[in-house]
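Visitor: My file is input-v4.txt. It has compact mmCIF, C-alpha atoms:
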# COMPACT_ATOMS: atom_id res chain seq x y z
CA MET I 1 2.82 8.02 24.29
CA LYS I 2 4.04 9.10 20.86
CA ASN I 3 1.75 9.70 17.89
CA LEU I 4 2.35 7.74 14.70
CA GLU I 5 3.57 10.91 12.97
CA ASP I 6 6.32 11.21 15.59
CA TYR I 7 7.99 8.07 14.21
CA VAL I 8 8.15 9.29 10.59
CA GLU I 9 11.47 10.91 9.65
CA SER I 10 11.19 13.68 7.06
CA ILE I 11 14.24 13.88 4.82
CA ILE I 12 14.59 17.24 3.08
CA ASP I 13 15.64 17.36 -0.62
CA PHE I 14 15.51 13.58 -1.18
CA PRO I 15 15.51 12.09 -3.78
CA LYS I 16 15.77 15.54 -5.37
CA LYS I 17 15.74 19.18 -4.33
CA GLY I 18 12.32 20.40 -3.20
CA ILE I 19 11.04 16.96 -2.12
CA VAL I 20 10.41 16.02 1.50
CA PHE I 21 10.80 12.23 1.69
CA ARG I 22 8.62 10.60 4.36
CA ASP I 23 10.70 7.66 5.60
CA VAL I 24 8.75 4.66 6.91
CA THR I 25 11.93 2.81 7.89
CA SER I 26 12.07 5.06 10.95
CA VAL I 27 8.59 3.79 11.86
CA ILE I 28 9.37 0.09 11.44
CA GLY I 29 12.80 0.46 13.03
CA ASP I 30 11.19 1.22 16.38
CA LYS I 31 9.21 -1.59 18.03
CA ASP I 32 6.60 0.82 19.37
CA GLY I 33 6.33 2.63 16.03
CA LEU I 34 5.90 -0.64 14.14
CA LYS I 35 3.21 -1.86 16.52
CA LEU I 36 1.38 1.47 16.36
CA ALA I 37 1.54 1.47 12.54
CA ILE I 38 0.16 -2.07 12.19
CA ASP I 39 -2.51 -1.48 14.83
CA SER I 40 -3.53 1.84 13.24
CA MET I 41 -3.83 0.33 9.75
CA GLN I 42 -5.74 -2.66 11.10
CA GLU I 43 -8.16 -0.33 12.84
CA LYS I 44 -8.86 1.29 9.44
CA LEU I 45 -10.05 -2.15 8.26
CA SER I 46 -12.18 -3.07 11.28
CA ASN I 47 -15.50 -2.03 9.79
CA ILE I 48 -15.42 -3.90 6.47
CA GLU I 49 -15.71 -7.48 5.29
CA PHE I 50 -12.88 -8.75 3.11
CA ASP I 51 -11.18 -11.98 2.06
CA VAL I 52 -7.74 -11.07 0.77
CA VAL I 53 -4.95 -8.57 1.42
CA VAL I 54 -2.99 -7.58 -1.69
CA ALA I 55 0.24 -5.60 -1.25
CA PRO I 56 3.08 -4.47 -3.52
CA GLU I 57 6.73 -5.13 -2.83
CA SER I 58 8.55 -4.20 -0.85
CA ARG I 59 7.19 -1.88 1.78
CA GLY I 60 3.60 -2.95 1.18
CA PHE I 61 4.70 -6.43 2.27
CA ILE I 62 5.92 -5.03 5.58
CA PHE I 63 2.44 -3.85 6.51
CA GLY I 64 0.24 -6.22 4.51
CA MET I 65 1.64 -9.49 5.83
CA PRO I 66 1.13 -8.88 9.57
CA ILE I 67 -2.35 -7.49 8.90
CA SER I 68 -3.19 -10.64 6.90
CA TYR I 69 -1.85 -12.83 9.67
CA ASN I 70 -3.57 -10.97 12.50
CA LEU I 71 -6.94 -10.95 10.73
CA ASN I 72 -6.65 -14.51 9.34
CA LYS I 73 -6.82 -13.42 5.69
CA SER I 74 -4.85 -14.66 2.72
CA PHE I 75 -2.00 -12.53 1.40
CA VAL I 76 -1.23 -11.85 -2.25
CA PRO I 77 2.15 -10.37 -3.18
CA VAL I 78 2.44 -7.99 -6.13
CA ARG I 79 5.96 -7.99 -7.51
CA LYS I 80 8.09 -6.37 -10.15
CA LYS I 81 8.14 -8.11 -13.52
CA GLY I 82 9.94 -11.46 -13.61
CA LYS I 83 9.95 -12.18 -9.86
CA LEU I 84 6.98 -14.59 -9.57
CA PRO I 85 7.42 -18.26 -10.56
CA ARG I 86 3.95 -19.26 -11.82
CA LYS I 87 1.66 -17.88 -14.52
CA THR I 88 1.13 -14.17 -13.99
CA ILE I 89 -0.82 -11.20 -15.19
CA SER I 90 0.97 -7.89 -15.55
CA LYS I 91 0.25 -4.19 -15.73
CA SER I 92 2.47 -1.30 -16.81
CA TYR I 93 2.19 1.96 -14.92
CA ASP I 94 3.85 5.33 -14.57
CA LEU I 95 5.99 6.27 -11.60
CA GLU I 96 6.93 9.75 -10.46
CA TYR I 97 10.31 9.27 -12.19
CA GLY I 98 9.66 6.71 -14.96
CA SER I 99 7.58 3.60 -15.58
CA ALA I 100 7.48 0.00 -14.40
CA VAL I 101 5.59 -3.29 -14.71
CA LEU I 102 3.92 -5.14 -11.84
CA GLU I 103 2.81 -8.77 -11.79
CA MET I 104 0.69 -11.06 -9.68
CA HIS I 105 -0.14 -14.75 -10.01
CA LYS I 106 -3.14 -15.45 -12.22
CA ASP I 107 -4.70 -17.65 -9.55
CA SER I 108 -4.06 -15.33 -6.59
CA VAL I 109 -7.43 -13.56 -6.56
CA LYS I 110 -10.63 -15.50 -7.18
CA GLN I 111 -13.88 -14.34 -8.77
CA GLY I 112 -15.86 -12.44 -6.11
CA ASP I 113 -13.00 -12.04 -3.62
CA ARG I 114 -13.31 -8.88 -1.55
CA VAL I 115 -9.85 -7.33 -1.64
CA VAL I 116 -8.05 -4.80 0.53
CA ILE I 117 -4.92 -3.26 -0.95
CA VAL I 118 -2.30 -2.30 1.65
CA ASP I 119 0.75 -0.12 1.00
CA ASP I 120 3.08 2.12 2.94
CA LEU I 121 2.47 5.26 0.91
CA ILE I 122 -0.02 6.73 -1.53
CA ALA I 123 1.67 9.28 -3.79
CA THR I 124 0.37 9.68 -7.36
CA GLY I 125 -1.72 6.50 -7.25
CA GLY I 126 -0.08 4.85 -10.26
CA THR I 127 1.00 1.72 -8.40
CA LEU I 128 -2.40 1.32 -6.77
CA LYS I 129 -4.25 1.82 -10.07
CA ALA I 130 -2.15 -0.91 -11.69
CA ILE I 131 -2.95 -3.26 -8.79
CA ILE I 132 -6.66 -2.41 -8.96
CA ASP I 133 -6.70 -3.17 -12.69
CA MET I 134 -5.10 -6.57 -12.13
CA VAL I 135 -7.38 -7.48 -9.19
CA GLU I 136 -10.48 -6.53 -11.16
CA SER I 137 -9.31 -8.40 -14.26
CA LEU I 138 -9.23 -11.54 -12.11
CA GLY I 139 -12.76 -10.91 -10.84
CA GLY I 140 -11.88 -9.44 -7.46
CA ASN I 141 -13.63 -6.47 -5.90
CA VAL I 142 -11.44 -3.83 -4.24
CA VAL I 143 -13.33 -2.86 -1.08
CA ARG I 144 -10.67 -0.60 0.47
CA ILE I 145 -7.21 0.82 -0.08
CA CYS I 146 -5.26 1.34 3.13
CA SER I 147 -1.94 3.13 3.52
CA LEU I 148 0.21 4.33 6.35
CA ILE I 149 1.00 7.66 4.64
CA GLU I 150 -0.75 9.68 1.95
CA LEU I 151 0.79 12.64 0.11
CA VAL I 152 -2.47 14.48 -0.52
CA ASP I 153 -1.12 17.18 -2.86
CA LEU I 154 -0.16 14.53 -5.43
CA LYS I 155 -3.90 13.93 -5.95
CA ALA I 156 -3.99 10.13 -6.07
CA ARG I 157 -7.64 10.26 -5.02
CA LYS I 158 -8.50 11.85 -8.36
CA LEU I 159 -6.93 8.92 -10.24
CA LEU I 160 -8.53 6.46 -7.80
CA ALA I 161 -11.98 8.11 -7.72
CA GLY I 162 -14.72 5.73 -6.69
CA TYR I 163 -12.49 3.63 -4.42
CA ASP I 164 -12.61 3.67 -0.63
CA ILE I 165 -9.23 5.05 0.46
CA VAL I 166 -8.02 5.37 4.04
CA SER I 167 -4.65 6.48 5.36
CA CYS I 168 -3.25 6.87 8.84
CA ILE I 169 -1.18 10.00 8.16
CA GLU I 170 -1.73 12.71 5.55
CA TYR I 171 1.01 15.11 4.48
CA LYS I 172 0.75 18.14 2.24
CA GLY I 173 3.45 18.82 -0.34
CA GLU I 174 5.51 16.41 -2.41
Represent the supplied structure as structure tokens.
Guide:
Amino acid sequence: MKNLEDYVESIIDFPKKGIVFRDVTSVIGDKDGLKLAIDSMQEKLSNIEFDVVVAPESRGFIFGMPISYNLNKSFVPVRKKGKLPRKTISKSYDLEYGSAVLEMHKDSVKQGDRVVIVDDLIATGGTLKAIIDMVESLGGNVVRICSLIELVDLKARKLLAGYDIVSCIEYKGE
């Protein structure tokens, strides 16, 4: 049986020279890889109580939705600015190569909800910090952040200090 890491393709010098891009599409493109990824992430959530899964588009949706379904939890999508139809809250954040704005519906997280944030990759932590800020502004409590892959040398844990972070695979380097 393959390990989860065996399904991740590493693309050298993408999107720029010196970067090793960890491609999750190679994981989800294989039925066994996809099942192992979802099962592995779900296992990382087995020891906590939570109410809601929050995940950013687009790859966070891939992992967050089946976890929500399997564990009978509600799912909250976080989208890029202008993509959600009802009243939203928004948060600007820095990316590795620029900045962006994320939004979520104002009524998506309720006061006291215990929230798990699910994403495919933790890099610098900017996206996750923006999501945390929005969840907390709505009265939610982030009880865990769960990712498939974490790029540990980008030091997201420093930005996200105080939060419970778990990842299935850790890679050194950018």
Visitor: Quick one: distance from CA of Thr25 in chain I to CA of Val8 in chain I in Å, one decimal?
Guide: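 Between these atoms lies a distance of 8.0 Å.
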Visitor: Tell me, as a list of chain:residue names, which residues lie within 6 Å of range 49-55 of chain I, counting only C-alpha atoms; anything in the same chain fewer than 4 positions away does not count.
Guide: I:Gly60, I:Phe61, I:Gly64, I:Lys73, I:Ser74, I:Phe75, I:Val76, I:Pro77, I:Val78, I:Asp113, I:Arg114, I:Val115, I:Val116, I:Ile117, I:Val118, I:Asp119
Visitor: Name the residues within 9 Å of (-4.6, -13.1, -12.3), counting all atoms listed in the file in the file's coordinates, and put them as a count of residues only.
Guide: 18
Visitor: Taking 5 positions as the minimum chain separation for residues in the same chain, which residues sit within 10 Å of Asp6 in chain I when counting all atoms listed in the file? Answer as number ranges by chain.
Guide: I: 1, 26-27, 33
Visitor: What is the distance between CA of Ile67 in chain I and CA of Leu45 in chain I, in Å to one decimal?
Guide: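 CA of Leu45 in chain I lies at a distance of 9.4 Å from CA of Ile67 in chain I.
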Visitor: What is the CA of Leu71 in chain I-CA of Ser46 in chain I distance in Å, reported with one decimal?
Guide: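 Result for CA of Leu71 in chain I versus CA of Ser46 in chain I: 9.5 Å, one decimal.
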Visitor: Which one of I:Ile132, I:Ala123, I:Cys168, I:Val142 sits closest to Leu36 in chain I if you count all atoms listed in the file?
Guide: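 Counting all atoms listed in the file, the residue closest to Leu36 in chain I is I:Cys168.
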Visitor: Write out as a tab-separated table the residues of range 107-165 of chain I that have any atom within 10 Å of an atom of range 37-40 of chain I, one row each with the nearest atom pair and its distance in Å to one decimal, counting all atoms listed in the file, sorted by chain and then rising number.
Guide:
residue	atom	partner	partner_atom	distance
I:Asp120	CA	I:Ala37	CA	9.7
I:Ser147	CA	I:Ala37	CA	9.8
I:Leu148	CA	I:Ala37	CA	6.9
Visitor: Would you save the residues from that selection as a short mmCIF file (atom, residue, chain, number, x, y, z; two decimals), in the coordinates of the input, using C-alpha atoms?
Guide:
data_model
loop_
_atom_site.label_atom_id
_atom_site.label_comp_id
_atom_site.auth_asym_id
_atom_site.auth_seq_id
_atom_site.Cartn_x
_atom_site.Cartn_y
_atom_site.Cartn_z
CA ASP I 120 3.08 2.12 2.94
CA SER I 147 -1.94 3.13 3.52
CA LEU I 148 0.21 4.33 6.35
#
Visitor: I:Arg86, I:Lys44, I:Lys81, I:Lys129: which is nearest Val166 in chain I, counting all atoms listed in the file?
Guide: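 Comparing I:Arg86, I:Lys44, I:Lys81, I:Lys129 against Val166 in chain I, the winner is I:Lys44.
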Visitor: Which polymer residues, protein or nucleic acid, are no farther than 12 Å from (7.1, 6.8, -12.5), counting all atoms listed in the file, as a list in words?
Guide: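 Applying the cut-off with all atoms listed in the file, one gets Ser92, Tyr93, Asp94, Leu95, Glu96, Tyr97, Gly98, Ser99, Ala100, Val101, Ala123, Thr124, Gly125, Gly126 and Thr127 of chain I.
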Visitor: If you count only C-alpha atoms, which residues fall within 12 Å of Asp153 in chain I, apart from same-chain ones fewer than 4 positions away, as a PyMOL selection string?
Guide: chain I and resi 122-125+157-158+170-174
Visitor: Find the residue from I:Gln42, I:Ala130, I:Gly112, I:Ile11 that sits nearest to Met65 in chain I; use only C-alpha atoms when measuring.
Guide: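 Using only C-alpha atoms, the shortest distance to Met65 in chain I belongs to I:Gln42.
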Visitor: Given the choices I:Gln111, I:Ile12, I:Pro56, I:Ile19, which gets closest to Ile131 in chain I if the distance is worked out from all atoms listed in the file?
Guide: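 Going through I:Gln111, I:Ile12, I:Pro56, I:Ile19 one by one, the smallest distance to Ile131 in chain I is for I:Pro56.
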Visitor: Compare I:Val143, I:Pro15, I:Leu128, I:Leu34 by their minimum atom-to-atom distance to Leu160 in chain I, counting all atoms listed in the file, and give me the closest one.
Guide: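 Among I:Val143, I:Pro15, I:Leu128, I:Leu34, it is I:Leu128 that comes nearest to Leu160 in chain I.
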